[in-house]
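Dropping coords-v1.txt in here (compact mmCIF, C-alpha atoms and all ligand atoms):
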```
# COMPACT_ATOMS: atom_id res chain seq x y z
CA MET A 71 28.02 11.66 -7.83
CA PRO A 72 24.65 12.89 -6.39
CA LYS A 73 23.25 11.33 -3.20
CA ARG A 74 19.65 11.48 -4.42
CA TYR A 75 17.91 10.97 -7.73
CA HIS A 76 16.69 14.10 -9.53
CA VAL A 77 13.57 15.41 -7.78
CA THR A 78 11.40 14.84 -10.87
CA VAL A 79 12.67 11.23 -11.08
CA ILE A 80 11.76 10.75 -7.41
CA ILE A 81 8.25 12.09 -8.04
CA ALA A 82 7.89 9.91 -11.16
CA HIS A 83 9.08 6.84 -9.19
CA TRP A 84 6.47 7.24 -6.43
CA LEU A 85 3.66 8.10 -8.85
CA ILE A 86 4.50 5.00 -10.90
CA ALA A 87 4.63 2.92 -7.70
CA ILE A 88 1.13 4.01 -6.66
CA LEU A 89 -0.39 3.77 -10.15
CA VAL A 90 1.12 0.31 -10.82
CA MET A 91 -0.27 -1.01 -7.52
CA VAL A 92 -3.70 0.43 -8.36
CA ALA A 93 -3.59 -0.92 -11.96
CA LEU A 94 -2.55 -4.39 -10.73
CA PHE A 95 -5.25 -4.44 -8.05
CA MET A 96 -8.00 -3.06 -10.30
CA GLY A 97 -6.97 -5.29 -13.20
CA SER A 98 -6.91 -8.57 -11.29
CA ASN A 99 -9.68 -7.90 -8.76
CA VAL A 100 -12.17 -5.66 -10.55
CA LEU A 101 -11.80 -5.92 -14.34
CA THR A 102 -11.45 -9.69 -14.51
CA GLU A 103 -14.44 -10.12 -12.17
CA MET A 104 -16.74 -8.02 -14.41
CA ASP A 105 -18.53 -9.41 -17.43
CA ASN A 106 -18.05 -7.33 -20.60
CA THR A 107 -21.85 -6.83 -20.73
CA ASP A 108 -21.79 -5.08 -17.32
CA PRO A 109 -22.58 -1.36 -18.00
CA GLU A 110 -19.97 -0.34 -15.39
CA LYS A 111 -17.17 -2.18 -17.20
CA ILE A 112 -16.50 0.69 -19.63
CA ASN A 113 -15.95 3.11 -16.74
CA SER A 114 -13.58 0.70 -15.00
CA LEU A 115 -11.68 0.13 -18.24
CA ARG A 116 -11.42 3.89 -18.79
CA GLY A 117 -9.79 4.39 -15.38
CA HIS A 118 -7.46 1.42 -15.92
CA MET A 119 -6.41 2.58 -19.39
CA ILE A 120 -5.75 6.16 -18.27
CA ALA A 121 -3.67 4.90 -15.32
CA GLY A 122 -1.77 2.59 -17.69
CA ILE A 123 -1.02 5.36 -20.20
CA VAL A 124 0.16 7.71 -17.43
CA ILE A 125 2.45 4.92 -16.16
CA GLY A 126 3.81 4.59 -19.71
CA VAL A 127 4.51 8.33 -20.08
CA LEU A 128 6.18 8.55 -16.65
CA SER A 129 8.25 5.44 -17.43
CA LEU A 130 9.45 6.95 -20.71
CA TYR A 131 10.47 10.07 -18.78
CA ARG A 132 12.43 7.93 -16.30
CA ILE A 133 14.16 6.08 -19.13
CA VAL A 134 15.20 9.37 -20.77
CA MET A 135 16.47 10.70 -17.42
CA ARG A 136 18.37 7.46 -16.80
CA PHE A 137 20.56 8.17 -19.78
CA THR A 138 20.78 11.95 -19.50
CA ALA A 139 20.86 12.94 -15.80
CA SER A 140 23.46 11.98 -13.21
CA ARG A 141 22.21 9.61 -10.52
CA PRO A 142 23.57 7.78 -7.47
CA ALA A 143 25.73 4.70 -8.13
CA HIS A 144 23.90 1.38 -7.89
CA ALA A 145 23.51 0.38 -4.24
CA GLU A 146 26.02 -2.12 -2.85
CA THR A 147 25.40 -4.90 -0.34
CA GLY A 148 28.96 -6.15 0.18
CA ASN A 149 28.15 -9.27 -1.86
CA ALA A 150 29.10 -9.09 -5.57
CA LEU A 151 26.49 -11.67 -6.61
CA LEU A 152 23.65 -9.85 -4.79
CA ASP A 153 24.78 -6.55 -6.33
CA LYS A 154 24.69 -8.08 -9.81
CA LEU A 155 21.25 -9.60 -9.15
CA GLY A 156 20.06 -6.18 -7.95
CA VAL A 157 21.09 -4.54 -11.24
CA ILE A 158 19.40 -7.30 -13.27
CA ALA A 159 16.23 -7.19 -11.12
CA HIS A 160 15.89 -3.42 -11.67
CA SER A 161 16.23 -3.79 -15.44
CA VAL A 162 13.67 -6.62 -15.53
CA LEU A 163 11.29 -4.64 -13.30
CA ASN A 164 11.44 -1.62 -15.64
CA LEU A 165 11.08 -3.88 -18.68
CA LEU A 166 8.00 -5.60 -17.21
CA VAL A 167 6.30 -2.25 -16.58
CA VAL A 168 6.97 -1.17 -20.19
CA LEU A 169 5.74 -4.55 -21.51
CA MET A 170 2.56 -4.28 -19.39
CA VAL A 171 1.83 -0.90 -20.95
CA ALA A 172 2.70 -2.15 -24.46
CA SER A 173 0.55 -5.31 -24.17
CA GLY A 174 -2.30 -3.23 -22.68
CA ILE A 175 -2.15 -0.79 -25.61
CA GLY A 176 -1.87 -3.69 -28.08
CA LEU A 177 -4.94 -5.34 -26.54
CA ALA A 178 -6.89 -2.07 -26.56
CA LEU A 179 -6.08 -1.36 -30.22
CA GLN A 180 -6.83 -4.91 -31.39
CA SER A 181 -10.19 -4.98 -29.63
CA GLY A 182 -11.18 -1.44 -30.74
CA LEU A 183 -11.35 -0.15 -27.14
CA PRO A 184 -10.41 3.54 -27.71
CA ALA A 185 -13.60 4.21 -29.74
CA VAL A 186 -15.81 2.33 -27.24
CA VAL A 187 -14.22 3.64 -24.03
CA PHE A 188 -13.36 7.22 -25.02
CA GLY A 189 -15.64 7.82 -28.04
CA GLY A 190 -18.83 6.15 -26.78
CA GLU A 191 -19.13 4.25 -30.10
CA GLY A 192 -20.05 0.56 -30.45
CA SER A 193 -19.76 -1.99 -27.66
CA LEU A 194 -17.14 -4.14 -25.93
CA PRO A 195 -16.22 -7.52 -27.45
CA ALA A 196 -17.85 -10.50 -25.71
CA SER A 197 -14.47 -11.32 -24.16
CA PHE A 198 -10.86 -10.14 -24.43
CA ASP A 199 -9.58 -13.73 -24.39
CA GLU A 200 -9.62 -14.05 -28.18
CA PHE A 201 -6.93 -11.32 -28.49
CA ALA A 202 -3.32 -12.51 -28.17
CA PRO A 203 -2.02 -9.57 -26.06
CA ARG A 204 -4.60 -10.46 -23.35
CA ALA A 205 -2.71 -13.63 -22.36
CA ALA A 206 0.63 -11.75 -22.29
CA HIS A 207 -0.92 -8.95 -20.19
CA GLY A 208 -2.19 -11.48 -17.63
CA LEU A 209 1.05 -13.50 -17.42
CA LEU A 210 3.27 -10.41 -17.24
CA SER A 211 1.09 -9.02 -14.45
CA LYS A 212 1.88 -12.07 -12.28
CA ALA A 213 5.62 -11.72 -12.95
CA LEU A 214 5.39 -8.01 -12.13
CA MET A 215 3.65 -8.72 -8.82
CA GLY A 216 6.45 -11.13 -7.87
CA LEU A 217 9.19 -8.69 -8.76
CA ILE A 218 7.52 -5.83 -6.89
CA VAL A 219 7.53 -7.98 -3.73
CA LEU A 220 11.25 -8.66 -4.31
CA HIS A 221 11.91 -4.96 -5.00
CA ILE A 222 10.26 -3.86 -1.74
CA ALA A 223 12.03 -6.64 0.20
CA GLY A 224 15.39 -5.51 -1.27
CA ALA A 225 14.75 -1.87 -0.37
CA PHE A 226 13.77 -2.83 3.20
CA PHE A 227 16.85 -5.08 3.51
CA HIS A 228 19.06 -2.09 2.67
CA GLN A 229 17.15 0.33 4.87
CA PHE A 230 16.60 -1.79 7.98
CA VAL A 231 19.24 -4.56 7.91
CA LEU A 232 22.22 -2.88 6.23
CA LYS A 233 21.02 0.51 7.58
CA ASP A 234 22.55 2.32 4.59
CA LYS A 235 19.72 4.92 4.28
CA LEU A 236 18.94 3.67 0.79
CA LEU A 237 15.43 5.16 0.81
CA SER A 238 16.89 8.67 1.16
CA ARG A 239 17.97 8.35 -2.48
CA MET A 240 14.26 8.24 -3.32
CA GLY A 241 13.43 11.18 -1.10
CA ILE A 242 12.64 9.38 2.18
CA GLY A 243 14.75 10.55 5.12
CA LYS A 244 18.10 12.32 5.29
CA THR A 245 21.11 11.28 3.20
CA ASN A 246 24.39 10.21 4.84
C1 LIG B 1 1.74 -0.97 -15.92
C2 LIG B 1 0.54 -0.81 -16.47
C3 LIG B 1 -0.59 -1.81 -16.33
C4 LIG B 1 -0.81 -2.73 -15.34
C5 LIG B 1 0.01 -2.97 -14.08
C6 LIG B 1 -2.01 -3.47 -15.71
C7 LIG B 1 -2.56 -4.52 -14.98
C8 LIG B 1 -3.59 -5.34 -15.41
C9 LIG B 1 -4.01 -6.55 -14.75
C10 LIG B 1 -3.39 -7.13 -13.46
C11 LIG B 1 -5.03 -7.10 -15.47
C12 LIG B 1 -5.75 -8.41 -15.19
C13 LIG B 1 -4.84 -9.53 -15.70
C14 LIG B 1 -5.27 -10.90 -15.26
O1 LIG B 1 -5.46 -11.11 -14.06
O2 LIG B 1 -5.39 -11.77 -16.13
C15 LIG B 1 -5.27 -6.20 -16.60
C16 LIG B 1 -6.25 -6.38 -17.57
C17 LIG B 1 -6.48 -5.50 -18.62
N1 LIG B 1 -5.76 -4.36 -18.90
FE1 LIG B 1 -4.13 -3.66 -17.91
N2 LIG B 1 -2.48 -2.99 -16.91
C18 LIG B 1 -1.65 -1.97 -17.32
C19 LIG B 1 -1.76 -1.21 -18.47
C20 LIG B 1 -2.83 -1.28 -19.34
C21 LIG B 1 -3.02 -0.39 -20.47
C22 LIG B 1 -2.06 0.73 -20.88
C23 LIG B 1 -4.18 -0.78 -21.08
C24 LIG B 1 -4.86 -0.23 -22.29
C25 LIG B 1 -4.58 0.95 -22.84
C26 LIG B 1 -4.71 -1.92 -20.33
C27 LIG B 1 -5.88 -2.62 -20.64
C28 LIG B 1 -6.31 -3.76 -20.02
C29 LIG B 1 -7.43 -4.56 -20.47
C30 LIG B 1 -8.32 -4.27 -21.69
C31 LIG B 1 -7.52 -5.66 -19.60
C32 LIG B 1 -8.50 -6.84 -19.72
C33 LIG B 1 -9.66 -6.72 -18.78
C34 LIG B 1 -10.51 -7.98 -18.81
O3 LIG B 1 -10.05 -9.06 -19.20
O4 LIG B 1 -11.66 -7.85 -18.44
N3 LIG B 1 -3.85 -2.19 -19.28
N4 LIG B 1 -4.38 -5.15 -16.54
```
Using structure tokens, write down the structure from this file.
Amino acid sequence: MPKRYHVTVIIAHWLIAILVMVALFMGSNVLTEMDNTDPEKINSLRGHMIAGIVIGVLSLYRIVMRFTASRPAHAETGNALLDKLGVIAHSVLNLLVVLMVASGIGLALQSGLPAVVFGGEGSLPASFDEFAPRAAHGLLSKALMGLIVLHIAGAFFHQFVLKDKLLSRMGIGKTN
């Protein structure tokens, strides 16, 4: 059983972490604050959509690697219930990221964004609110924010309270 994840999985993990934080911040603090008539909105949407698609591609890679490459056993805390919750939380976290990407793509396709944002044709709809995936995208983003806080708290609990060098599995520090 390896002590670290595959180096490409580690790189994908940290790239996803950064891009998801940026997409969440830009989505909730920049995009939602801009009116669709603002000439800068298309540029902001372009950046957000590219980040989202890259997150999707990297997530697919991680999913493939999850089933094909060997990886460290799931971390243990000494408490069976916490361990079970940890496994469930990781699955839900991955699922939320995939659903964010899927709802974002759904929203983009329904509102004709690819032609406007990447083809320079036509204009943005007055609002995205009339498209069903928009509500899902917004709600899922709040759930994702909550789970990311839990994820980081769990990692820090292992690293600094249990002192089990958990972060070394993701390339930070030496393994045991
Ligand atoms: C994990 C990936 C993604 C994250 C974390 C993310 C995050 C967000 C957030 C937080 C918002 C604002 C939600 C709200 O506060 O109601 C948002 C809006 C939006 N996102 Fe994403 N997104 C992702 C992927 C995508 C993708 C792949 C696309 C399209 C290809 C996309 C297109 C949009 C659009 C069109 C909006 C609406 C902007 C508006 O209402 O003005 N997103 N996103």
Query raised in the report: Residues at most 8 Å from stretch 122-133 of chain A, counting only C-alpha atoms, excluding those fewer than 4 positions away in the same chain, as an NGL selection string?
Result: :A and (79 or 82-83 or 86 or 89-90 or 93 or 118 or 137 or 164 or 167-168 or 171 or 174)
Report task. Would you list the contacts of stretch 213-230 of chain A as a ChimeraX atom specification, taking every protein, DNA or RNA residue within 9 Å and counting only C-alpha atoms, but skipping same-chain residues closer than 4 positions in sequence? Result -> /A:91,94,145-147,156,159-160,162-163,166-167,170,209,234-237
Write a file of the selected residues as a CSV table (one decimal), in the coordinates of the input, keeping C-alpha atoms.
```
chain,number,residue,atom,x,y,z
A,91,MET,CA,-0.3,-1.0,-7.5
A,94,LEU,CA,-2.6,-4.4,-10.7
A,145,ALA,CA,23.5,0.4,-4.2
A,146,GLU,CA,26.0,-2.1,-2.8
A,147,THR,CA,25.4,-4.9,-0.3
A,156,GLY,CA,20.1,-6.2,-8.0
A,159,ALA,CA,16.2,-7.2,-11.1
A,160,HIS,CA,15.9,-3.4,-11.7
A,162,VAL,CA,13.7,-6.6,-15.5
A,163,LEU,CA,11.3,-4.6,-13.3
A,166,LEU,CA,8.0,-5.6,-17.2
A,167,VAL,CA,6.3,-2.2,-16.6
A,170,MET,CA,2.6,-4.3,-19.4
A,209,LEU,CA,1.0,-13.5,-17.4
A,234,ASP,CA,22.6,2.3,4.6
A,235,LYS,CA,19.7,4.9,4.3
A,236,LEU,CA,18.9,3.7,0.8
A,237,LEU,CA,15.4,5.2,0.8
```
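The neighbours of stretch 175-187 of chain A here are the residues that come within 9 Å of it, using only C-alpha atoms and leaving out any residue fewer than 4 positions away in the same chain; they are Ile112, Asn113, Leu115, Arg116, Met119, Gly122, Ile123, Met170, Val171, Glu191, Gly192, Ser193, Leu194, Pro195, Phe198, Phe201, Ala202, Pro203, Arg204 and His207 of chain A.
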**Report entry** Residue nearest ligand LIG 1 (chain B) - candidates A:Thr107, A:Asn246, A:Asn149, A:Ser173, atoms counted: all atoms listed in the file
**Finding:**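 Of the candidates, the smallest distance to ligand LIG 1 (chain B) is held by A:Ser173.
Taking atom C4 of ligand LIG 1 (chain B) and atom CA of A:Ser161 as the two end points, the separation is 17.1 Å.
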Query raised in the report: Quick one: distance from atom CA of A:Val92 to atom C5 of ligand LIG 1 (chain B) in Å, one decimal?
Result: 7.6 Å
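Atom CA of A:Gly117 is positioned 9.7 Å from atom C25 of ligand LIG 1 (chain B).
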Query raised in the report: Nearest to ligand LIG 1 (chain B): which of A:Leu165, A:Ala172, A:Val77, A:Ile88 is it, counting only C-alpha atoms and all ligand atoms?
Result: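 Residue with the minimum atom-to-atom distance to ligand LIG 1 (chain B): A:Ala172.
Shortest separation to A:Arg239 among A:Ile80, A:Met71, A:Leu85, A:Ile158 occurs at residue A:Ile80, atoms counted being only C-alpha atoms.
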Report task. Compare A:Val157, A:Ile81, A:Ala206, A:Leu152 by their minimum atom-to-atom distance to ligand LIG 1 (chain B), counting all atoms listed in the file, and give me the closest one. Result ->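 Checking each candidate against ligand LIG 1 (chain B), we get A:Ala206 as the closest.
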Since the input lacks some atoms of stretch 113-126 of chain A, please model N, CA, C and O atoms and print them as a compact mmCIF listing (two decimals), in the coordinates of the input.
```
# COMPACT_ATOMS: atom_id res chain seq x y z
N ASN A 113 -16.53 2.13 -17.66
CA ASN A 113 -15.95 3.11 -16.74
C ASN A 113 -14.69 2.57 -16.08
O ASN A 113 -13.68 3.27 -15.95
N SER A 114 -14.75 1.31 -15.66
CA SER A 114 -13.58 0.70 -15.00
C SER A 114 -12.42 0.61 -15.99
O SER A 114 -11.27 0.87 -15.64
N LEU A 115 -12.74 0.23 -17.22
CA LEU A 115 -11.68 0.13 -18.24
C LEU A 115 -11.07 1.50 -18.51
O LEU A 115 -9.86 1.62 -18.68
N ARG A 116 -11.92 2.54 -18.52
CA ARG A 116 -11.42 3.89 -18.79
C ARG A 116 -10.38 4.28 -17.75
O ARG A 116 -9.28 4.74 -18.06
N GLY A 117 -10.72 4.06 -16.47
CA GLY A 117 -9.79 4.39 -15.38
C GLY A 117 -8.49 3.59 -15.51
O GLY A 117 -7.38 4.14 -15.38
N HIS A 118 -8.63 2.29 -15.79
CA HIS A 118 -7.46 1.42 -15.92
C HIS A 118 -6.56 1.85 -17.08
O HIS A 118 -5.34 1.91 -16.96
N MET A 119 -7.19 2.20 -18.20
CA MET A 119 -6.41 2.58 -19.39
C MET A 119 -5.69 3.91 -19.17
O MET A 119 -4.53 4.06 -19.55
N ILE A 120 -6.40 4.86 -18.53
CA ILE A 120 -5.75 6.16 -18.27
C ILE A 120 -4.56 5.96 -17.33
O ILE A 120 -3.45 6.46 -17.57
N ALA A 121 -4.77 5.17 -16.26
CA ALA A 121 -3.67 4.90 -15.32
C ALA A 121 -2.50 4.26 -16.07
O ALA A 121 -1.34 4.65 -15.89
N GLY A 122 -2.81 3.30 -16.93
CA GLY A 122 -1.77 2.59 -17.69
C GLY A 122 -0.99 3.52 -18.60
O GLY A 122 0.24 3.44 -18.69
N ILE A 123 -1.70 4.43 -19.29
CA ILE A 123 -1.02 5.36 -20.20
C ILE A 123 -0.13 6.32 -19.41
O ILE A 123 1.01 6.61 -19.80
N VAL A 124 -0.65 6.80 -18.26
CA VAL A 124 0.16 7.71 -17.43
C VAL A 124 1.42 6.98 -16.96
O VAL A 124 2.53 7.54 -16.97
N ILE A 125 1.28 5.72 -16.57
CA ILE A 125 2.45 4.92 -16.16
C ILE A 125 3.45 4.86 -17.32
O ILE A 125 4.65 5.01 -17.13
N GLY A 126 2.93 4.68 -18.54
CA GLY A 126 3.81 4.59 -19.71
C GLY A 126 4.57 5.89 -19.94
O GLY A 126 5.78 5.88 -20.17
```
